[in-house]
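Worksheet: the structure to be examined is printed underneath.
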Amino acid sequence: MPQKVISIRSEIRKPGATAPRYDGGPLADTRGRPLRDLRISVTDRCNFRCTYCMPRAVFDANYKFLPHAAILSFEEIARLARVFIGLGVKKIRLTGGEPLLRKDLPHLVAMLAPLGADLTLTTNGSTLVKHAQALRDAGLDRITVSLDSLDEATFRAMNDADFPVEKVLDGIAAAADAGFAPVKINMVVKRGVNDHQIVEAARHWRTHGKPGGHILRFIEFMDVGSTNGWRMDDVIPSAEVVRRISAAFPLEQVGANYAGEVAERWRYQDGAGEIGVISSVTQAFCADCNRMRLSTEGSLYTCLFAQQGHDLKALLRGGASDEAIQDSIAAVWRARDDRYSEIRTADTAKKPKVEMSYIGG
Ligand code: SAM
């Protein structure tokens, strides 16, 4: 069903014949924001069907994932990563879909690690027991594991793949054993679905291992894509998360590690480490957004909520030089003016947007 595919992948703009020469100067968009962070989706496939991300009714047996020939090879990804780093990118996050479903991912990590950016990965943790050490040995700097609930029934219902909590916990332990410290844990909070687990999750991770060994981060449920049935009523504002945890374990706010950090940091007053809250709905951070996203098939997006991408694969496979690719990326960044989360309304939430599994979460 081609229409389904088009609405999910968005419109992709072909590169212009010539972009103005990149002059080597600091890259800023129309709002003065620098380019610092690149997220690379290495696969659009996932073994989970999280109801808020890849609902089974859409991502079913008929759904056409990208064929292998359409997705960027490791060599193409590494070449683009080098070009992005030349434009000022300091941090690269590998994501998806589920990145560990991509065959030989540690090999890609080994190709990217020497380029010098801070290299991170977000995973659902389902196969981390098998891969954690190889990822660390290949040079991965940091890891984030998603785990929305410690309650078995809630977690299985949310991942909609009947996947057990314990296997993800084993994956997190394997990551810590392999030397990732801290391991960050993402928990998307949806009202009436897992918000009863907020304090329980805080209690578990604050006392788990040595203080600061794991950092739990609460993410507001977002209207990414066009298929997850988002409603404002389902969002638990981060302020409420902080209030609920503070009532059990008093928290105090801590300053950001660096400008543009997505998570707001709070630490336990008793010294048992910290949590983060990511409030892209109730406290939009577009003003500091320094991220670009490279989709699995090599389209470039300047916003998680974009409706249109820019085709870098056509340049790569059309024989363009590194300089021409750099010019093209620089031109896209300089023209960027998105600030979706600042202007979000119930109406914008209904507009077609690219799916998170394709663009990279
Ligand atoms: N498969 C990997 C994973 O589960 O972490 C990486 C991709 S996933 C799209 C990246 C992150 O986005 C996960 O932490 C996931 O929970 C989060 N996410 C997906 N859909 C979301 C939504 N609608 N609102 C908020 N966060 C979402």
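Residues in the structure tokens are numbered from 1 in each chain, the chains being A, B, ... in the order shown, and ligands are numbered from 1 in the order shown.
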_For the structure I just gave you, how does DSSP split range 181-351 of chain A - specifically, which residues are alpha helix (DSSP H)? Reply as an NGL selection string._
:A and (198-206 or 238-248 or 312-317 or 322-335 or 340-343)
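Residue neighbourhood of Asp311 in chain A, excluding near-sequence residues (fewer than 3 positions): Glu11, Ile12, Arg13, Lys14, Pro15, Gly16, Leu294, Ser295, Glu297, Gly298, Ser299, Leu300, Tyr301, Gln308, Ala314, Leu315, Leu316 and Ser328 of chain A, at 10 Å, using only C-alpha atoms.
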Pull all heavy atoms from the residues just selected and write them as a short mmCIF file (atom, residue, chain, number, x, y, z; two decimals), in the first residue's frame.
```cif
data_model
loop_
_atom_site.label_atom_id
_atom_site.label_comp_id
_atom_site.auth_asym_id
_atom_site.auth_seq_id
_atom_site.Cartn_x
_atom_site.Cartn_y
_atom_site.Cartn_z
N GLU A 11 7.77 13.46 2.81
CA GLU A 11 8.28 13.85 1.49
C GLU A 11 9.80 14.00 1.61
O GLU A 11 10.30 14.50 2.61
CB GLU A 11 7.66 15.20 1.16
CG GLU A 11 7.93 15.70 -0.21
CD GLU A 11 7.42 17.12 -0.32
OE1 GLU A 11 6.36 17.43 0.27
OE2 GLU A 11 8.11 17.93 -0.96
N ILE A 12 10.52 13.55 0.58
CA ILE A 12 11.98 13.70 0.63
C ILE A 12 12.42 14.58 -0.53
O ILE A 12 12.15 14.27 -1.69
CB ILE A 12 12.68 12.34 0.58
CG1 ILE A 12 12.28 11.53 1.82
CG2 ILE A 12 14.20 12.52 0.55
CD1 ILE A 12 12.79 10.12 1.84
N ARG A 13 13.06 15.66 -0.18
CA ARG A 13 13.47 16.62 -1.20
C ARG A 13 14.79 16.19 -1.82
O ARG A 13 15.72 15.82 -1.12
CB ARG A 13 13.65 17.97 -0.51
CG ARG A 13 13.65 19.12 -1.45
CD ARG A 13 13.85 20.40 -0.70
NE ARG A 13 12.57 21.05 -0.40
CZ ARG A 13 12.48 22.22 0.18
NH1 ARG A 13 13.56 22.85 0.58
NH2 ARG A 13 11.31 22.76 0.39
N LYS A 14 14.84 16.25 -3.16
CA LYS A 14 16.11 15.94 -3.84
C LYS A 14 17.08 17.09 -3.61
O LYS A 14 16.66 18.24 -3.51
CB LYS A 14 15.87 15.77 -5.35
CG LYS A 14 15.04 14.54 -5.68
CD LYS A 14 15.83 13.27 -5.51
CE LYS A 14 14.95 12.04 -5.63
NZ LYS A 14 15.41 10.90 -4.86
N PRO A 15 18.36 16.80 -3.54
CA PRO A 15 19.32 17.89 -3.33
C PRO A 15 19.31 18.85 -4.50
O PRO A 15 19.12 18.44 -5.65
CB PRO A 15 20.65 17.16 -3.24
CG PRO A 15 20.43 15.83 -3.86
CD PRO A 15 18.99 15.50 -3.71
N GLY A 16 19.49 20.11 -4.23
CA GLY A 16 19.57 21.11 -5.30
C GLY A 16 20.82 20.84 -6.14
O GLY A 16 21.75 20.17 -5.68
N LEU A 294 19.62 11.61 10.71
CA LEU A 294 19.85 10.93 9.44
C LEU A 294 19.02 9.65 9.45
O LEU A 294 19.23 8.79 10.30
CB LEU A 294 21.35 10.61 9.31
CG LEU A 294 21.80 9.94 8.04
CD1 LEU A 294 21.57 10.84 6.82
CD2 LEU A 294 23.28 9.55 8.14
N SER A 295 18.09 9.55 8.51
CA SER A 295 17.21 8.37 8.51
C SER A 295 17.95 7.15 7.97
O SER A 295 19.04 7.26 7.39
CB SER A 295 15.97 8.64 7.65
OG SER A 295 16.30 8.48 6.29
N GLU A 297 17.51 5.42 5.45
CA GLU A 297 17.82 5.41 4.02
C GLU A 297 18.56 6.68 3.58
O GLU A 297 18.61 7.01 2.40
CB GLU A 297 16.58 5.17 3.17
CG GLU A 297 15.49 6.19 3.35
CD GLU A 297 14.30 5.92 2.43
OE1 GLU A 297 14.47 5.23 1.42
OE2 GLU A 297 13.22 6.44 2.71
N GLY A 298 19.11 7.41 4.54
CA GLY A 298 19.99 8.51 4.17
C GLY A 298 19.30 9.83 3.88
O GLY A 298 19.81 10.64 3.12
N SER A 299 18.13 10.06 4.49
CA SER A 299 17.50 11.38 4.37
C SER A 299 17.79 12.17 5.63
O SER A 299 17.81 11.60 6.72
CB SER A 299 15.98 11.28 4.20
OG SER A 299 15.69 10.40 3.18
N LEU A 300 17.96 13.44 5.44
CA LEU A 300 18.37 14.30 6.54
C LEU A 300 17.17 15.10 7.04
O LEU A 300 16.43 15.68 6.24
CB LEU A 300 19.44 15.25 6.00
CG LEU A 300 20.15 16.14 6.98
CD1 LEU A 300 20.88 15.30 8.02
CD2 LEU A 300 21.16 17.00 6.21
N TYR A 301 16.97 15.13 8.36
CA TYR A 301 15.86 15.87 8.95
C TYR A 301 16.39 16.84 10.00
O TYR A 301 17.29 16.50 10.76
CB TYR A 301 14.86 14.90 9.61
CG TYR A 301 14.14 14.05 8.59
CD1 TYR A 301 14.71 12.87 8.11
CD2 TYR A 301 12.90 14.43 8.08
CE1 TYR A 301 14.07 12.10 7.16
CE2 TYR A 301 12.25 13.67 7.13
CZ TYR A 301 12.84 12.51 6.68
OH TYR A 301 12.21 11.75 5.72
N GLN A 308 9.34 16.87 6.13
CA GLN A 308 10.12 16.75 4.91
C GLN A 308 11.59 16.48 5.20
O GLN A 308 12.15 17.05 6.13
CB GLN A 308 10.02 18.08 4.15
CG GLN A 308 10.62 18.00 2.78
CD GLN A 308 10.47 19.33 2.07
OE1 GLN A 308 11.03 20.33 2.50
NE2 GLN A 308 9.72 19.34 1.01
N ALA A 314 21.10 10.25 -2.40
CA ALA A 314 21.21 10.53 -3.84
C ALA A 314 22.58 11.15 -4.13
O ALA A 314 23.20 10.86 -5.16
CB ALA A 314 20.10 11.47 -4.28
N LEU A 315 23.04 12.00 -3.21
CA LEU A 315 24.37 12.61 -3.40
C LEU A 315 25.45 11.54 -3.28
O LEU A 315 26.34 11.43 -4.12
CB LEU A 315 24.60 13.69 -2.34
CG LEU A 315 23.83 14.99 -2.48
CD1 LEU A 315 24.12 15.89 -1.29
CD2 LEU A 315 24.21 15.69 -3.78
N LEU A 316 25.35 10.74 -2.20
CA LEU A 316 26.36 9.69 -1.95
C LEU A 316 26.48 8.76 -3.14
O LEU A 316 27.58 8.47 -3.62
CB LEU A 316 25.93 8.84 -0.76
CG LEU A 316 26.21 9.29 0.65
CD1 LEU A 316 25.56 8.32 1.63
CD2 LEU A 316 27.71 9.34 0.92
N SER A 328 25.95 20.81 0.92
CA SER A 328 24.52 20.53 0.95
C SER A 328 23.98 20.50 2.38
O SER A 328 22.94 21.10 2.68
CB SER A 328 24.31 19.16 0.31
OG SER A 328 23.22 19.15 -0.48
#
```
How would you write, as a compact mmCIF listing (two decimals) with all heavy atoms, in the first residue's frame, the set of residues in range 261-308 of chain A that DSSP gives as strand (DSSP E or B)?
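Writing done, so here's result14.txt:
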```txt
# COMPACT_ATOMS: atom_id res chain seq x y z
N GLU A 264 16.45 17.82 31.87
CA GLU A 264 16.66 18.69 33.03
C GLU A 264 17.04 17.76 34.19
O GLU A 264 16.41 16.72 34.38
CB GLU A 264 15.33 19.39 33.32
CG GLU A 264 15.36 20.43 34.37
CD GLU A 264 13.95 21.01 34.53
OE1 GLU A 264 13.56 21.87 33.73
OE2 GLU A 264 13.23 20.55 35.44
N ARG A 265 18.08 18.14 34.93
CA ARG A 265 18.61 17.22 35.96
C ARG A 265 18.09 17.56 37.36
O ARG A 265 18.04 18.72 37.75
CB ARG A 265 20.14 17.29 35.96
CG ARG A 265 20.76 16.90 34.64
CD ARG A 265 22.24 17.24 34.60
NE ARG A 265 22.99 16.56 35.64
CZ ARG A 265 24.10 17.03 36.20
NH1 ARG A 265 24.61 18.19 35.83
NH2 ARG A 265 24.72 16.34 37.14
N TRP A 266 17.74 16.52 38.10
CA TRP A 266 17.34 16.65 39.50
C TRP A 266 18.10 15.61 40.31
O TRP A 266 18.23 14.47 39.87
CB TRP A 266 15.83 16.40 39.66
CG TRP A 266 15.00 17.48 39.03
CD1 TRP A 266 14.74 17.63 37.69
CD2 TRP A 266 14.34 18.56 39.69
NE1 TRP A 266 13.95 18.74 37.48
CE2 TRP A 266 13.69 19.34 38.70
CE3 TRP A 266 14.23 18.95 41.04
CZ2 TRP A 266 12.95 20.46 39.01
CZ3 TRP A 266 13.48 20.07 41.34
CH2 TRP A 266 12.85 20.83 40.34
N ARG A 267 18.59 15.99 41.52
CA ARG A 267 19.29 14.98 42.32
C ARG A 267 18.56 14.76 43.64
O ARG A 267 17.89 15.65 44.16
CB ARG A 267 20.75 15.37 42.55
CG ARG A 267 20.96 16.42 43.58
CD ARG A 267 22.46 16.63 43.87
NE ARG A 267 22.63 17.99 44.36
CZ ARG A 267 23.50 18.87 43.91
NH1 ARG A 267 24.36 18.56 42.96
NH2 ARG A 267 23.56 20.08 44.42
N TYR A 268 18.74 13.53 44.15
CA TYR A 268 18.15 13.19 45.44
C TYR A 268 18.91 13.92 46.54
O TYR A 268 20.15 13.90 46.57
CB TYR A 268 18.20 11.68 45.68
CG TYR A 268 17.36 10.91 44.70
CD1 TYR A 268 17.94 10.15 43.67
CD2 TYR A 268 15.97 10.94 44.78
CE1 TYR A 268 17.16 9.45 42.77
CE2 TYR A 268 15.17 10.24 43.87
CZ TYR A 268 15.78 9.50 42.87
OH TYR A 268 15.01 8.81 41.97
N GLU A 274 20.87 10.84 40.71
CA GLU A 274 20.03 11.85 40.08
C GLU A 274 19.07 11.22 39.07
O GLU A 274 19.24 10.06 38.67
CB GLU A 274 20.89 12.90 39.39
CG GLU A 274 21.70 12.39 38.20
CD GLU A 274 22.54 13.50 37.54
OE1 GLU A 274 23.56 13.88 38.13
OE2 GLU A 274 22.16 13.93 36.43
N ILE A 275 18.07 12.01 38.68
CA ILE A 275 17.17 11.63 37.59
C ILE A 275 17.20 12.74 36.55
O ILE A 275 17.72 13.83 36.81
CB ILE A 275 15.71 11.42 38.07
CG1 ILE A 275 15.14 12.73 38.64
CG2 ILE A 275 15.59 10.30 39.07
CD1 ILE A 275 13.62 12.80 38.64
N GLY A 276 16.63 12.46 35.37
CA GLY A 276 16.46 13.51 34.37
C GLY A 276 15.01 13.53 33.93
O GLY A 276 14.32 12.52 34.01
N VAL A 277 14.54 14.70 33.51
CA VAL A 277 13.20 14.77 32.91
C VAL A 277 13.31 15.46 31.56
O VAL A 277 14.02 16.45 31.41
CB VAL A 277 12.18 15.51 33.83
CG1 VAL A 277 11.85 14.68 35.05
CG2 VAL A 277 12.67 16.90 34.23
N ILE A 278 12.65 14.88 30.59
CA ILE A 278 12.71 15.41 29.22
C ILE A 278 11.30 15.87 28.86
O ILE A 278 10.38 15.08 28.71
CB ILE A 278 13.23 14.31 28.26
CG1 ILE A 278 14.64 13.88 28.70
CG2 ILE A 278 13.23 14.82 26.82
CD1 ILE A 278 15.26 12.75 27.93
N ARG A 291 20.29 19.57 16.99
CA ARG A 291 20.31 18.20 16.45
C ARG A 291 19.89 18.10 14.99
O ARG A 291 18.96 18.77 14.55
CB ARG A 291 19.33 17.32 17.25
CG ARG A 291 19.90 16.76 18.53
CD ARG A 291 18.84 16.05 19.32
NE ARG A 291 17.86 16.98 19.86
CZ ARG A 291 18.10 17.83 20.84
NH1 ARG A 291 19.28 17.90 21.39
NH2 ARG A 291 17.16 18.65 21.26
N MET A 292 20.55 17.19 14.28
CA MET A 292 20.10 16.75 12.97
C MET A 292 19.87 15.25 13.06
O MET A 292 20.47 14.56 13.90
CB MET A 292 21.16 17.02 11.92
CG MET A 292 20.89 18.27 11.09
SD MET A 292 21.98 18.33 9.67
CE MET A 292 21.25 19.72 8.82
N ARG A 293 19.05 14.75 12.17
CA ARG A 293 18.75 13.30 12.16
C ARG A 293 18.94 12.75 10.77
O ARG A 293 18.47 13.34 9.79
CB ARG A 293 17.31 13.07 12.62
CG ARG A 293 17.10 13.39 14.08
CD ARG A 293 15.66 13.10 14.48
NE ARG A 293 15.59 12.61 15.84
CZ ARG A 293 15.56 13.38 16.91
NH1 ARG A 293 15.59 14.68 16.77
NH2 ARG A 293 15.50 12.86 18.11
N LEU A 294 19.62 11.61 10.71
CA LEU A 294 19.85 10.93 9.44
C LEU A 294 19.02 9.65 9.45
O LEU A 294 19.23 8.79 10.30
CB LEU A 294 21.35 10.61 9.31
CG LEU A 294 21.80 9.94 8.04
CD1 LEU A 294 21.57 10.84 6.82
CD2 LEU A 294 23.28 9.55 8.14
N SER A 299 18.13 10.06 4.49
CA SER A 299 17.50 11.38 4.37
C SER A 299 17.79 12.17 5.63
O SER A 299 17.81 11.60 6.72
CB SER A 299 15.98 11.28 4.20
OG SER A 299 15.69 10.40 3.18
N LEU A 300 17.96 13.44 5.44
CA LEU A 300 18.37 14.30 6.54
C LEU A 300 17.17 15.10 7.04
O LEU A 300 16.43 15.68 6.24
CB LEU A 300 19.44 15.25 6.00
CG LEU A 300 20.15 16.14 6.98
CD1 LEU A 300 20.88 15.30 8.02
CD2 LEU A 300 21.16 17.00 6.21
N TYR A 301 16.97 15.13 8.36
CA TYR A 301 15.86 15.87 8.95
C TYR A 301 16.39 16.84 10.00
O TYR A 301 17.29 16.50 10.76
CB TYR A 301 14.86 14.90 9.61
CG TYR A 301 14.14 14.05 8.59
CD1 TYR A 301 14.71 12.87 8.11
CD2 TYR A 301 12.90 14.43 8.08
CE1 TYR A 301 14.07 12.10 7.16
CE2 TYR A 301 12.25 13.67 7.13
CZ TYR A 301 12.84 12.51 6.68
OH TYR A 301 12.21 11.75 5.72
N GLN A 308 9.34 16.87 6.13
CA GLN A 308 10.12 16.75 4.91
C GLN A 308 11.59 16.48 5.20
O GLN A 308 12.15 17.05 6.13
CB GLN A 308 10.02 18.08 4.15
CG GLN A 308 10.62 18.00 2.78
CD GLN A 308 10.47 19.33 2.07
OE1 GLN A 308 11.03 20.33 2.50
NE2 GLN A 308 9.72 19.34 1.01
```
*Distance criterion (only C-alpha atoms and all ligand atoms): nearest to ligand 1 out of A:Glu152, A:Glu240, A:Asp37, A:Glu98*: A:Glu98
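Considering the residues A:Val241, A:Cys286, A:Val224, A:Ala173 and counting only C-alpha atoms, Asn194 in chain A has its shortest atom-to-atom contact with A:Val241.
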*Please give me, as a list in words, the residues lying within 7 Å of ligand 1 when counting only C-alpha atoms and all ligand atoms.*
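Here is the list of contacting residues: Cys46, Tyr52, Cys53, Thr95, Gly96, Gly97, Glu98, Pro99, Thr122, Thr123, Asn124, Val145, Ser146, Asn186, Met187, Val188, Ile219, Glu220, Phe221, Met222, Asp223, Val224, Asn228, Met356, Ser357, Gly360 and Gly361 of chain A.
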*With a distance cut-off of 7 Å and only C-alpha atoms, select the neighbouring residues of Ala113 in chain A, excluding the residue or stretch itself and same-chain residues fewer than 5 positions from it, and output the selection as a list in words.*
Leu119, Gly139 and Leu140 of chain A
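Relative to CA of Arg203 in chain A, CA of Gly171 in chain A is found at 19.4 Å.
Distances here use only C-alpha atoms; by that measure, the residue among A:Glu76, A:Leu101, A:Leu304, A:Ala284 closest to Gly319 in chain A is A:Glu76.
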*Tell me which protein, DNA and RNA residues are within 7 Å of Leu128 in chain A, counting only C-alpha atoms, leaving out same-chain ones fewer than 3 positions away, and put them as an NGL selection string.*
:A and (125 or 131-132 or 171 or 174)
Write to file, as a tab-separated table (two decimals), in the first residue's frame, the residues of the selection just made, with C-alpha atoms.
```tsv
chain	number	residue	atom	x	y	z
A	125	GLY	CA	17.98	-3.66	25.69
A	131	HIS	CA	26.16	-7.30	22.52
A	132	ALA	CA	27.19	-5.10	25.47
A	171	GLY	CA	20.82	-6.29	29.46
A	174	ALA	CA	25.49	-6.56	31.16
```
*asked:* Just checking: using only C-alpha atoms, which residue out of A:Phe84, A:Tyr358, A:Tyr340, A:Trp205 ends up closest to Gln283 in chain A?
replied: A:Tyr340
